[in-house]
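Participant: Enclosed is the structure file protein-v7.txt (compact mmCIF, C-alpha atoms).
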```
# COMPACT_ATOMS: atom_id res chain seq x y z
CA MET A 440 170.11 198.75 -16.34
CA GLY A 441 169.45 199.51 -19.99
CA ASN A 442 165.84 198.56 -19.42
CA LEU A 443 165.54 201.01 -16.52
CA LEU A 444 167.14 203.80 -18.56
CA TRP A 445 164.72 203.06 -21.35
CA ILE A 446 161.71 203.25 -19.00
CA PHE A 447 162.96 206.64 -17.77
CA VAL A 448 163.52 208.14 -21.22
CA ALA A 449 160.28 206.69 -22.59
CA SER A 450 158.12 208.10 -19.81
CA MET A 451 159.89 211.47 -19.81
CA LEU A 452 160.18 212.22 -23.54
CA VAL A 453 158.64 209.71 -25.94
CA ASN A 454 155.40 209.31 -24.01
CA ASN A 455 155.52 212.62 -22.15
CA PHE A 456 152.51 212.56 -19.84
CA THR A 457 151.26 216.03 -20.65
CA LEU A 458 152.22 216.70 -24.24
CA VAL A 459 151.76 213.26 -25.77
CA LEU A 460 149.30 211.47 -23.49
CA PHE A 461 147.29 214.56 -22.46
CA LEU A 462 147.46 213.84 -18.75
CA GLY A 463 147.39 216.60 -16.15
CA LEU A 464 146.15 219.28 -18.51
CA CYS A 465 144.26 221.22 -15.82
CA SER A 466 147.41 222.30 -14.04
CA PHE A 467 149.30 222.54 -17.33
CA LEU A 468 146.87 225.23 -18.48
CA GLY A 469 146.16 226.78 -15.09
CA VAL A 470 149.46 227.20 -13.24
CA THR A 471 151.88 228.01 -16.04
CA HIS A 472 151.83 231.80 -15.70
CA ASN A 473 155.38 231.98 -14.41
CA ILE A 474 158.31 229.61 -14.37
CA GLY A 475 158.86 229.53 -10.59
CA THR A 476 155.34 228.40 -9.73
CA ALA A 477 155.28 225.91 -12.56
CA LEU A 478 158.55 224.39 -11.42
CA ARG A 479 157.35 224.06 -7.83
CA LEU A 480 154.05 222.49 -8.81
CA GLY A 481 156.03 220.12 -11.00
CA LEU A 482 158.16 219.14 -8.00
CA ALA A 483 155.05 218.59 -5.83
CA ASN A 484 153.68 216.39 -8.60
CA LEU A 485 156.94 214.47 -8.84
CA PHE A 486 156.87 213.79 -5.12
CA VAL A 487 153.26 212.55 -5.20
CA LEU A 488 154.04 210.40 -8.24
CA VAL A 489 156.98 208.67 -6.58
CA VAL A 490 155.10 208.00 -3.33
CA THR A 491 152.06 206.81 -5.28
CA ALA A 492 154.18 204.39 -7.28
CA ALA A 493 155.54 202.88 -4.07
CA SER A 494 152.10 202.55 -2.45
CA VAL A 495 150.58 201.08 -5.61
CA THR A 496 153.29 198.43 -5.76
CA VAL A 497 152.44 197.40 -2.21
CA LEU A 498 148.69 197.51 -2.86
CA ASN A 499 149.01 195.39 -5.99
CA LYS A 500 151.22 192.85 -4.35
CA TYR A 501 149.32 192.25 -1.12
CA ILE A 502 145.74 193.41 -1.53
CA LEU A 503 144.47 193.91 -5.05
CA GLY A 504 145.68 190.59 -6.43
CA ALA A 505 142.53 188.92 -5.17
CA THR A 506 140.15 191.85 -5.78
CA PRO A 507 140.97 193.53 -9.09
CA PHE A 508 137.53 195.17 -9.26
CA LEU A 509 138.46 197.40 -6.32
CA ARG A 510 141.43 198.81 -8.20
CA ILE A 511 140.09 202.23 -9.20
CA ILE A 512 138.52 202.86 -5.80
CA ALA A 513 141.64 201.81 -3.89
CA PHE A 514 143.94 203.90 -6.08
CA ILE A 515 141.89 207.06 -5.79
CA VAL A 516 141.61 206.76 -2.01
CA VAL A 517 145.37 206.26 -1.62
CA ILE A 518 146.13 209.19 -3.92
CA ALA A 519 143.66 211.46 -2.14
CA SER A 520 145.25 210.75 1.24
CA LEU A 521 148.76 211.30 -0.14
CA VAL A 522 147.78 214.65 -1.60
CA GLN A 523 146.28 215.61 1.74
CA ILE A 524 149.64 214.89 3.41
CA VAL A 525 151.55 216.91 0.81
CA GLU A 526 149.09 219.75 1.21
CA MET A 527 149.58 219.85 4.97
CA ALA A 528 153.37 219.70 4.58
CA VAL A 529 153.46 222.53 2.05
CA LYS A 530 151.12 224.65 4.16
CA LYS A 531 153.43 224.23 7.14
CA LEU A 532 156.78 224.54 5.37
CA SER A 533 156.08 227.19 2.77
CA PRO A 534 152.90 229.24 3.25
CA SER A 535 153.77 231.50 0.30
CA LEU A 536 153.96 228.54 -2.08
CA PHE A 537 150.70 227.27 -0.61
CA ARG A 538 149.02 230.53 -1.57
CA THR A 539 150.49 230.63 -5.09
CA LEU A 540 149.41 227.11 -5.93
CA GLY A 541 145.95 227.74 -4.53
CA ILE A 542 143.27 225.35 -5.74
CA TYR A 543 145.75 223.43 -7.91
CA LEU A 544 147.39 221.78 -4.93
CA PRO A 545 144.34 219.80 -3.76
CA LEU A 546 143.56 219.30 -7.43
CA ILE A 547 146.61 217.06 -7.74
CA THR A 548 144.10 214.44 -6.52
CA THR A 549 142.06 214.81 -9.66
CA ASN A 550 145.20 215.21 -11.72
CA CYS A 551 144.80 212.33 -14.12
CA ALA A 552 148.57 211.95 -14.40
CA ILE A 553 148.78 210.43 -10.93
CA LEU A 554 145.94 207.95 -11.41
CA ALA A 555 147.19 207.11 -14.90
CA LEU A 556 150.62 206.30 -13.48
CA ALA A 557 149.01 203.86 -11.05
CA ILE A 558 147.02 202.20 -13.85
CA PHE A 559 149.88 202.03 -16.38
CA GLN A 560 152.18 200.61 -13.73
CA THR A 561 149.62 197.91 -12.91
CA ASN A 562 148.95 197.06 -16.56
CA ARG A 563 152.67 196.78 -17.36
CA GLN A 564 153.37 194.79 -14.19
CA TYR A 565 156.41 196.83 -13.17
CA ASN A 566 158.32 195.68 -10.09
CA PHE A 567 159.25 198.10 -7.31
CA ILE A 568 162.44 199.50 -8.91
CA GLU A 569 160.91 199.78 -12.38
CA ALA A 570 157.88 201.55 -10.94
CA GLN A 571 160.08 204.07 -9.10
CA VAL A 572 162.04 204.82 -12.28
CA PHE A 573 158.79 205.12 -14.22
CA ALA A 574 157.44 207.62 -11.67
CA LEU A 575 160.68 209.63 -11.72
CA GLY A 576 160.60 209.76 -15.52
CA ALA A 577 156.96 210.76 -15.61
CA GLY A 578 157.57 213.45 -12.97
CA ALA A 579 160.58 214.79 -14.85
CA GLY A 580 158.44 214.89 -17.99
CA LEU A 581 155.74 216.86 -16.16
CA ILE A 582 158.29 219.34 -14.82
CA LEU A 583 159.75 219.72 -18.31
CA ALA A 584 156.35 220.32 -19.91
CA LEU A 585 155.24 222.76 -17.19
CA THR A 586 158.42 224.85 -17.29
CA LEU A 587 158.56 224.91 -21.11
CA MET A 588 154.97 226.09 -21.25
CA ALA A 589 155.53 228.66 -18.50
CA SER A 590 158.57 230.11 -20.27
CA ILE A 591 156.64 230.42 -23.52
CA ARG A 592 153.73 232.07 -21.74
CA GLU A 593 156.01 234.58 -20.04
CA LYS A 594 157.16 235.68 -23.47
CA LEU A 595 153.64 235.56 -24.83
CA GLN A 596 152.60 238.35 -22.48
CA PHE A 597 154.63 240.78 -24.54
CA ALA A 598 153.31 239.58 -27.88
CA THR A 599 150.35 241.09 -29.69
CA VAL A 600 147.72 238.41 -29.76
CA PRO A 601 144.52 238.97 -31.78
CA ASN A 602 141.52 239.61 -29.55
CA ILE A 603 139.62 236.46 -30.46
CA ALA A 604 142.62 234.24 -29.68
CA LYS A 605 143.23 235.69 -26.22
CA GLY A 606 142.87 233.27 -23.32
CA ALA A 607 142.53 229.59 -23.99
CA ALA A 608 142.74 229.43 -27.79
CA ILE A 609 146.32 230.69 -28.09
CA ILE A 610 147.43 228.43 -25.22
CA PHE A 611 146.09 225.34 -26.94
CA ILE A 612 147.76 226.26 -30.21
CA VAL A 613 151.09 226.87 -28.45
CA ALA A 614 150.67 223.53 -26.66
CA GLY A 615 150.05 221.93 -30.06
CA GLY A 616 153.38 223.31 -31.25
CA LEU A 617 155.15 221.92 -28.17
CA SER A 618 153.45 218.58 -28.67
CA LEU A 619 154.59 218.59 -32.31
CA ALA A 620 158.15 219.08 -31.12
CA PHE A 621 157.83 216.15 -28.73
CA MET A 622 156.59 213.94 -31.57
CA GLY A 623 160.17 214.10 -32.78
CA PHE A 624 161.20 211.89 -29.85
CA ALA A 625 159.01 209.09 -31.23
CA GLY A 626 161.97 208.31 -33.50
CA LEU A 627 163.86 207.12 -30.39
CA LEU A 628 161.38 204.28 -30.13
CA SER A 629 162.18 202.76 -33.52
CA GLY A 630 165.90 203.37 -33.06
CA GLY A 631 165.99 201.56 -29.70
CA MET B 856 141.14 229.11 -17.88
CA HIS B 857 140.04 230.65 -14.66
CA GLU B 858 137.25 228.15 -14.14
CA HIS B 859 138.17 224.95 -12.44
CA CYS B 860 136.53 222.13 -10.59
CA GLY B 861 134.58 223.29 -7.58
CA SER B 862 133.92 226.77 -8.90
CA SER B 863 131.92 226.49 -12.06
CA ALA B 864 129.69 229.21 -13.42
CA ALA B 865 126.56 230.09 -11.51
CA THR B 866 123.30 228.61 -12.70
CA ILE B 867 120.98 230.67 -14.81
CA SER B 868 118.05 232.12 -12.93
CA VAL B 869 115.24 234.25 -14.17
CA ALA B 870 114.39 237.06 -11.78
CA GLY B 871 111.79 235.86 -9.30
CA LYS B 872 111.37 232.34 -10.66
CA GLY B 873 113.80 229.40 -10.50
CA PRO B 874 115.18 227.99 -13.73
CA THR B 875 112.89 225.70 -15.69
CA ALA B 876 113.61 222.03 -16.40
CA ALA B 877 114.54 222.86 -19.98
CA GLN B 878 117.07 225.45 -18.82
CA ASP B 879 118.64 222.95 -16.42
CA LEU B 880 119.01 220.49 -19.26
CA LEU B 881 120.05 222.79 -22.07
CA LYS B 882 122.63 224.98 -20.33
CA GLY B 883 125.16 222.14 -20.40
CA ILE B 884 124.90 221.77 -24.14
CA TRP B 885 125.70 225.32 -25.16
CA LYS B 886 125.73 228.16 -22.62
CA GLU B 887 127.85 226.34 -20.01
CA ASN B 888 129.32 223.62 -22.20
CA PRO B 889 131.81 221.82 -19.93
CA VAL B 890 134.61 221.61 -22.49
CA LEU B 891 134.25 224.70 -24.65
CA VAL B 892 133.09 227.23 -22.06
CA GLN B 893 134.24 225.90 -18.68
CA LEU B 894 137.40 224.28 -20.13
CA LEU B 895 137.08 221.21 -17.93
CA GLY B 896 137.90 217.61 -18.73
CA GLY B 897 140.57 218.50 -21.26
CA CYS B 898 142.50 215.29 -20.74
CA SER B 899 139.91 212.86 -22.04
CA THR B 900 138.64 215.37 -24.60
CA LEU B 901 141.98 215.53 -26.34
CA ALA B 902 143.23 212.02 -25.76
CA VAL B 903 140.42 209.89 -27.14
CA THR B 904 139.04 211.98 -29.99
CA ASN B 905 141.19 210.54 -32.75
CA SER B 906 138.08 208.88 -34.20
CA VAL B 907 134.33 209.43 -34.01
CA VAL B 908 133.64 206.05 -32.39
CA ASN B 909 136.14 206.63 -29.59
CA GLY B 910 134.84 210.14 -28.91
CA LEU B 911 131.25 208.93 -28.82
CA ALA B 912 132.03 205.95 -26.56
CA MET B 913 134.01 208.10 -24.14
CA GLY B 914 131.24 210.73 -24.09
CA LEU B 915 128.55 208.16 -23.37
CA ALA B 916 130.61 206.47 -20.65
CA THR B 917 131.13 209.83 -18.96
CA LEU B 918 127.42 210.63 -19.36
CA PHE B 919 126.57 207.37 -17.58
CA VAL B 920 128.94 208.06 -14.69
CA LEU B 921 127.81 211.67 -14.41
CA VAL B 922 124.07 210.91 -14.33
CA PHE B 923 124.30 208.10 -11.79
CA SER B 924 126.76 209.96 -9.55
CA SER B 925 124.46 212.99 -9.57
CA LEU B 926 121.49 210.79 -8.75
CA PHE B 927 123.25 209.32 -5.72
CA VAL B 928 124.96 212.48 -4.53
CA SER B 929 121.77 214.52 -4.64
CA SER B 930 119.79 211.76 -2.89
CA LEU B 931 122.39 211.59 -0.14
CA ARG B 932 123.04 215.32 0.12
CA LYS B 933 121.30 215.68 3.50
CA VAL B 934 122.93 212.58 5.00
CA VAL B 935 126.59 213.14 4.12
CA PRO B 936 128.48 215.31 6.63
CA ASN B 937 130.12 218.37 5.14
CA GLU B 938 133.67 217.41 6.17
CA VAL B 939 133.78 214.14 4.25
CA ARG B 940 131.67 215.14 1.28
CA ILE B 941 134.46 215.20 -1.32
CA SER B 942 135.68 211.72 -0.35
CA THR B 943 132.12 210.44 -0.51
CA TYR B 944 131.63 211.91 -3.98
CA VAL B 945 134.91 210.39 -5.15
CA LEU B 946 133.90 206.96 -3.86
CA ILE B 947 130.50 207.16 -5.59
CA ILE B 948 132.13 208.29 -8.84
CA ALA B 949 134.77 205.55 -8.62
CA THR B 950 132.07 202.91 -8.19
CA PHE B 951 130.22 203.96 -11.33
CA THR B 952 133.47 204.34 -13.26
CA THR B 953 134.32 200.73 -12.39
CA LEU B 954 130.86 199.72 -13.64
CA ALA B 955 131.34 201.66 -16.89
CA ASP B 956 134.79 200.12 -17.33
CA MET B 957 133.51 196.57 -16.88
CA GLY B 958 130.40 197.23 -18.97
CA LEU B 959 132.37 198.54 -21.94
CA GLU B 960 134.83 195.68 -21.67
CA ALA B 961 131.97 193.18 -21.92
CA LEU B 962 129.91 194.97 -24.59
CA VAL B 963 132.46 196.55 -26.95
CA PRO B 964 135.87 195.03 -26.21
CA GLU B 965 137.59 196.69 -29.19
CA THR B 966 136.55 200.22 -28.26
CA HIS B 967 137.45 199.49 -24.65
CA LYS B 968 140.92 198.52 -25.77
CA ALA B 969 141.27 201.66 -27.91
CA LEU B 970 140.26 203.91 -25.02
CA GLY B 971 142.67 202.12 -22.70
CA ALA B 972 143.27 203.73 -19.34
CA PHE B 973 141.04 206.69 -20.15
CA ILE B 974 137.84 204.93 -19.08
CA ALA B 975 139.30 204.48 -15.60
CA LEU B 976 140.39 208.12 -15.71
CA ILE B 977 136.75 209.28 -15.78
CA VAL B 978 137.11 209.19 -12.02
CA ALA B 979 139.67 212.01 -12.26
CA ASN B 980 137.59 214.00 -14.73
CA CYS B 981 136.98 217.48 -13.35
CA ILE B 982 133.55 217.71 -14.97
CA VAL B 983 132.12 214.85 -12.91
CA LEU B 984 133.42 216.01 -9.54
CA GLY B 985 132.76 219.65 -10.45
CA ARG B 986 129.06 219.05 -11.11
CA GLN B 987 128.62 217.16 -7.83
CA GLU B 988 130.17 219.99 -5.84
CA ALA B 989 128.61 222.85 -7.79
CA PHE B 990 125.13 221.47 -8.45
CA SER B 991 124.08 218.06 -7.09
CA ALA B 992 125.14 218.83 -3.53
CA LYS B 993 122.73 221.77 -3.41
CA ASN B 994 119.77 220.79 -5.56
CA ASN B 995 117.04 218.15 -5.55
CA VAL B 996 117.31 214.82 -7.37
CA TRP B 997 115.22 215.74 -10.40
CA ARG B 998 117.13 218.94 -11.18
CA SER B 999 120.51 217.30 -10.52
CA VAL B 1000 119.80 214.47 -12.95
CA LEU B 1001 118.64 216.95 -15.59
CA ASP B 1002 121.77 219.02 -15.06
CA ALA B 1003 124.00 215.92 -15.28
CA LEU B 1004 122.19 214.79 -18.42
CA GLY B 1005 122.71 218.19 -20.05
CA MET B 1006 126.39 218.39 -19.11
CA GLY B 1007 126.93 214.79 -20.24
CA LEU B 1008 125.21 215.47 -23.56
CA GLY B 1009 127.26 218.64 -24.06
CA PHE B 1010 130.41 216.66 -23.35
CA THR B 1011 129.37 213.82 -25.70
CA LEU B 1012 128.49 216.24 -28.51
CA THR B 1013 131.79 218.10 -28.19
CA LEU B 1014 133.81 214.87 -28.17
CA THR B 1015 131.93 213.49 -31.16
CA MET B 1016 132.42 216.74 -33.06
CA MET B 1017 136.15 216.77 -32.33
CA GLY B 1018 136.39 213.09 -33.24
CA ALA B 1019 134.62 213.80 -36.54
CA ILE B 1020 136.92 216.69 -37.44
CA ARG B 1021 140.06 214.77 -36.57
CA GLU B 1022 139.01 211.53 -38.25
CA LEU B 1023 137.85 213.30 -41.44
CA LEU B 1024 141.08 215.26 -41.83
CA GLY B 1025 143.49 212.73 -40.37
CA ALA B 1026 142.22 209.51 -41.89
CA GLY B 1027 139.74 210.68 -44.54
CA SER B 1028 136.98 208.60 -43.02
CA PHE B 1029 133.86 208.97 -40.86
CA PHE B 1030 132.84 206.17 -38.47
CA GLY B 1031 135.45 204.07 -40.27
CA TYR B 1032 133.85 204.54 -43.72
CA ASN B 1033 136.10 206.08 -46.32
CA VAL B 1034 134.71 209.46 -47.38
CA PHE B 1035 137.20 211.15 -49.66
CA GLY B 1036 138.20 208.19 -51.81
CA PRO B 1037 141.65 206.79 -52.50
CA ARG B 1038 143.14 210.03 -53.87
CA PHE B 1039 142.90 211.85 -50.55
CA GLU B 1040 146.23 212.22 -48.80
CA PRO B 1041 145.43 211.83 -45.07
CA TRP B 1042 146.52 214.66 -42.85
CA VAL B 1043 148.07 212.26 -40.35
CA ILE B 1044 149.08 214.90 -37.81
CA MET B 1045 145.38 215.41 -36.96
CA VAL B 1046 145.01 211.94 -35.42
CA LEU B 1047 148.32 212.30 -33.56
CA PRO B 1048 148.52 214.18 -30.23
CA PRO B 1049 149.35 217.65 -31.68
CA GLY B 1050 146.19 217.45 -33.79
CA GLY B 1051 144.13 217.30 -30.60
CA PHE B 1052 145.60 220.56 -29.31
CA PHE B 1053 145.24 222.23 -32.70
CA THR B 1054 141.62 221.13 -33.17
CA LEU B 1055 140.50 222.37 -29.76
CA GLY B 1056 142.49 225.59 -30.32
CA ALA B 1057 140.75 226.11 -33.66
CA ILE B 1058 137.29 225.49 -32.17
CA LEU B 1059 138.02 227.98 -29.37
CA LEU B 1060 139.23 230.52 -31.94
CA TRP B 1061 135.97 230.15 -33.85
CA LEU B 1062 134.04 230.51 -30.60
CA GLY B 1063 135.98 233.68 -29.75
CA TRP B 1064 135.20 235.12 -33.17
CA TRP B 1065 131.53 234.22 -32.81
CA ARG B 1066 131.39 235.91 -29.40
CA SER B 1067 133.03 239.10 -30.63
CA MET B 1068 130.54 239.25 -33.54
CA ARG B 1069 127.62 238.76 -31.14
CA ASP B 1070 128.88 241.45 -28.78
CA ARG B 1071 129.27 243.86 -31.66
CA ARG B 1072 125.74 243.16 -32.87
CA GLU B 1073 124.41 243.74 -29.36
CA ARG B 1074 126.31 246.99 -28.99
CA GLU B 1075 124.95 248.23 -32.30
CA LYS B 1076 121.45 247.24 -31.30
CA ALA B 1077 121.80 248.99 -27.95
CA ALA B 1078 123.13 252.12 -29.62
CA ALA B 1079 120.21 252.31 -32.06
CA PRO B 1080 117.33 254.39 -30.62
CA THR B 1081 114.51 251.82 -30.69
CA ILE B 1082 111.76 251.48 -28.12
CA GLN B 1083 111.88 248.12 -26.33
CA PHE B 1084 108.42 246.69 -25.65
CA HIS B 1085 109.64 243.25 -24.65
CA ALA B 1086 112.23 244.22 -22.12
CA TYR B 1087 110.77 242.03 -19.36
CA GLU B 1088 110.80 238.86 -21.44
CA ALA B 1089 114.54 238.87 -21.83
CA PRO B 1090 116.25 236.36 -19.49
CA ALA B 1091 118.81 237.68 -17.06
CA GLY B 1092 121.78 238.50 -19.25
CA PRO B 1093 124.42 241.19 -18.84
CA ALA B 1094 122.74 244.52 -18.23
CA LYS B 1095 122.50 246.52 -21.44
CA VAL B 1096 124.23 249.86 -21.31
CA ALA B 1097 122.73 252.45 -23.60
```
Give the structure from the file, written as structure tokens.

Facilitator:
Amino acid sequence: MGNLLWIFVASMLVNNFTLVLFLGLCSFLGVTHNIGTALRLGLANLFVLVVTAASVTVLNKYILGATPFLRIIAFIVVIASLVQIVEMAVKKLSPSLFRTLGIYLPLITTNCAILALAIFQTNRQYNFIEAQVFALGAGAGLILALTLMASIREKLQFATVPNIAKGAAIIFIVAGGLSLAFMGFAGLLSGG
Amino acid sequence: MHEHCGSSAATISVAGKGPTAAQDLLKGIWKENPVLVQLLGGCSTLAVTNSVVNGLAMGLATLFVLVFSSLFVSSLRKVVPNEVRISTYVLIIATFTTLADMGLEALVPETHKALGAFIALIVANCIVLGRQEAFSAKNNVWRSVLDALGMGLGFTLTLTMMGAIRELLGAGSFFGYNVFGPRFEPWVIMVLPPGGFFTLGAILLWLGWWRSMRDRREREKAAAPTIQFHAYEAPAGPAKVA
């Protein structure tokens, strides 16, 4: 149990996918204009992560054991089909959300966070339960990073930013500050 | 920020004539630099540039994948049905990424270990898929390879530059050789994750400053009453307003 808790905390805070490992930056920079959208994209990501983790466990156990060189190809195909399913579901259930997320929904496929989860999970040889907890932690970390960034950017709209820093530059510097804050969690690692 | 995979900037074209081979090659290095202008591929840019060697290796691996994927995608562009084109591109890219992964593991095992999962993540790099969709799917083999080579070189140069800045400040060394001597106190934060964000932010700030200076110079030039004899030689840029 302690091990599972540790996997969750480590993937959510200490090795936060976005702010420490730089995974999923496209959506982190692109869809964090307001908190609501960021939160919903985070939830979509969480869902894809959890389902991916389950499929990858099955793939690793029954198929890829004999053919490790097919790993990257198999993972990307599975992830692409999962994202397609999520896309169809969102389009049907919530057309307004579908429009807000726009291009970033299909882009979950090329969101490195998902593929990285599959690869990390394989390298660390997690079993089914561990992999699920890992995916939940990583997803929670993504949601945390997305909402934090979105809330800062909502405030940033009212700030006077110098002309040359407008756009991407200020976002990266703010992200650096957030990342600096998350470095504080690295202390948990030595304490545990 | 508003550029993403699939919709990258339009190619340069001189009125009447198509772009030359040199333009195809060079636009990726400066004018449409994938990282600094199109803001693509941020993940690997920030994650592996804590030393020059890592940045260079990652850049070259991506260059390899990009050039060969472009070669295959543009050769097959008339055969692949429109509905399954993205999946086909992804499969081609994944094949070459696997090759790059295995090649690096055999040739430079230490660098491969340092880059970790990020070699495999080339497959999810927006730059690679973006170029296939925006360029290779519509242009002939020769131009697509040139374009991929330019974009790959632009990516490699940017990564190496960021690696150099971060390694110099964060470890006081360059390619592993100590530069500043024993009395230099390393600025450790630069090789840690926040340093990546700060370095890219600083480079973009400089770029923004450079652009504003250039625009001001152009405005002043346009305002000055000089007769332009060479107006037709200028490549298609933003129309000058007097």

Participant: Write out as a ChimeraX atom specification each polymer residue whose atoms come within 8 Å of stretch 967-981 of chain B, counting all atoms listed in the file; drop sequence neighbours fewer than 4 positions from it.

Facilitator: /A:511,548-551,554-555,558-559 /B:859-860,895-896,898-899,903,909,913,916-917,920,945,948-949,952-953,955-956,959-960,963,985

Participant: What are the residues of chain B lining chain A at 6 Å or less? Count all atoms listed in the file, and put the answer as a PyMOL selection string.

Facilitator: chain B and resi 898+902+949+979+1048-1049+1052-1053+1056+1059-1060+1063-1064

Participant: If we count all atoms listed in the file and set the cut-off at 8 Å, which residues sit around A:Phe467, ignoring sequence neighbours fewer than 5 positions away in its own chain? Please answer as a ChimeraX atom specification.

Facilitator: /A:457,584-585,588

Participant: When you count only C-alpha atoms, which of these residues is closest to A:Phe447: A:Phe573, A:Ala598, A:Leu583, A:Gly626?

Facilitator: A:Phe573

Participant: Give as a ChimeraX atom specification the set of residues within 12 Å of the point (159.6, 206.1, -12.1), where distances use the file's coordinates and only C-alpha atoms.

Facilitator: /A:443-451,485-493,496,553,556-557,559-560,565-580

Participant: Provide the atom CA of B:Ala1003 to atom CA of B:Glu1022 distance in Å, to one decimal place.

Facilitator: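 Here the two named atoms are 27.8 Å from each other.
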
Participant: Rounded to one decimal in Å, what is the spacing between atom CA of B:Ala989 and atom CA of B:Trp1065?

Facilitator: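 So the answer is 27.6 Å.
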
Participant: Would you mind reading off the distance between atom CA of B:Ser942 and atom CA of B:Leu984, one decimal, in Å?

Facilitator: 10.4 Å

Participant: Contacts of B:Lys882 at 9 Å or less, counting only C-alpha atoms, minus same-chain residues fewer than 3 places along, as a compact mmCIF listing (two decimals) with C-alpha atoms, in the frame of the given file?

Facilitator:
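Generated output (around-v5.txt):
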```txt
# COMPACT_ATOMS: atom_id res chain seq x y z
CA THR B 866 123.30 228.61 -12.70
CA ILE B 867 120.98 230.67 -14.81
CA ALA B 877 114.54 222.86 -19.98
CA GLN B 878 117.07 225.45 -18.82
CA ASP B 879 118.64 222.95 -16.42
CA TRP B 885 125.70 225.32 -25.16
CA LYS B 886 125.73 228.16 -22.62
CA GLU B 887 127.85 226.34 -20.01
CA ASN B 888 129.32 223.62 -22.20
CA ASP B 1002 121.77 219.02 -15.06
CA GLY B 1005 122.71 218.19 -20.05
CA MET B 1006 126.39 218.39 -19.11
CA GLY B 1009 127.26 218.64 -24.06
```

Participant: Write out as JSON, numbers by chain which residues come within 10 Å of A:Ala483 when counting all atoms listed in the file, dropping same-chain ones fewer than 5 positions away.

Facilitator: {"A": [477, 478, 488, 522, 525, 526, 529, 544, 547, 578, 582]}
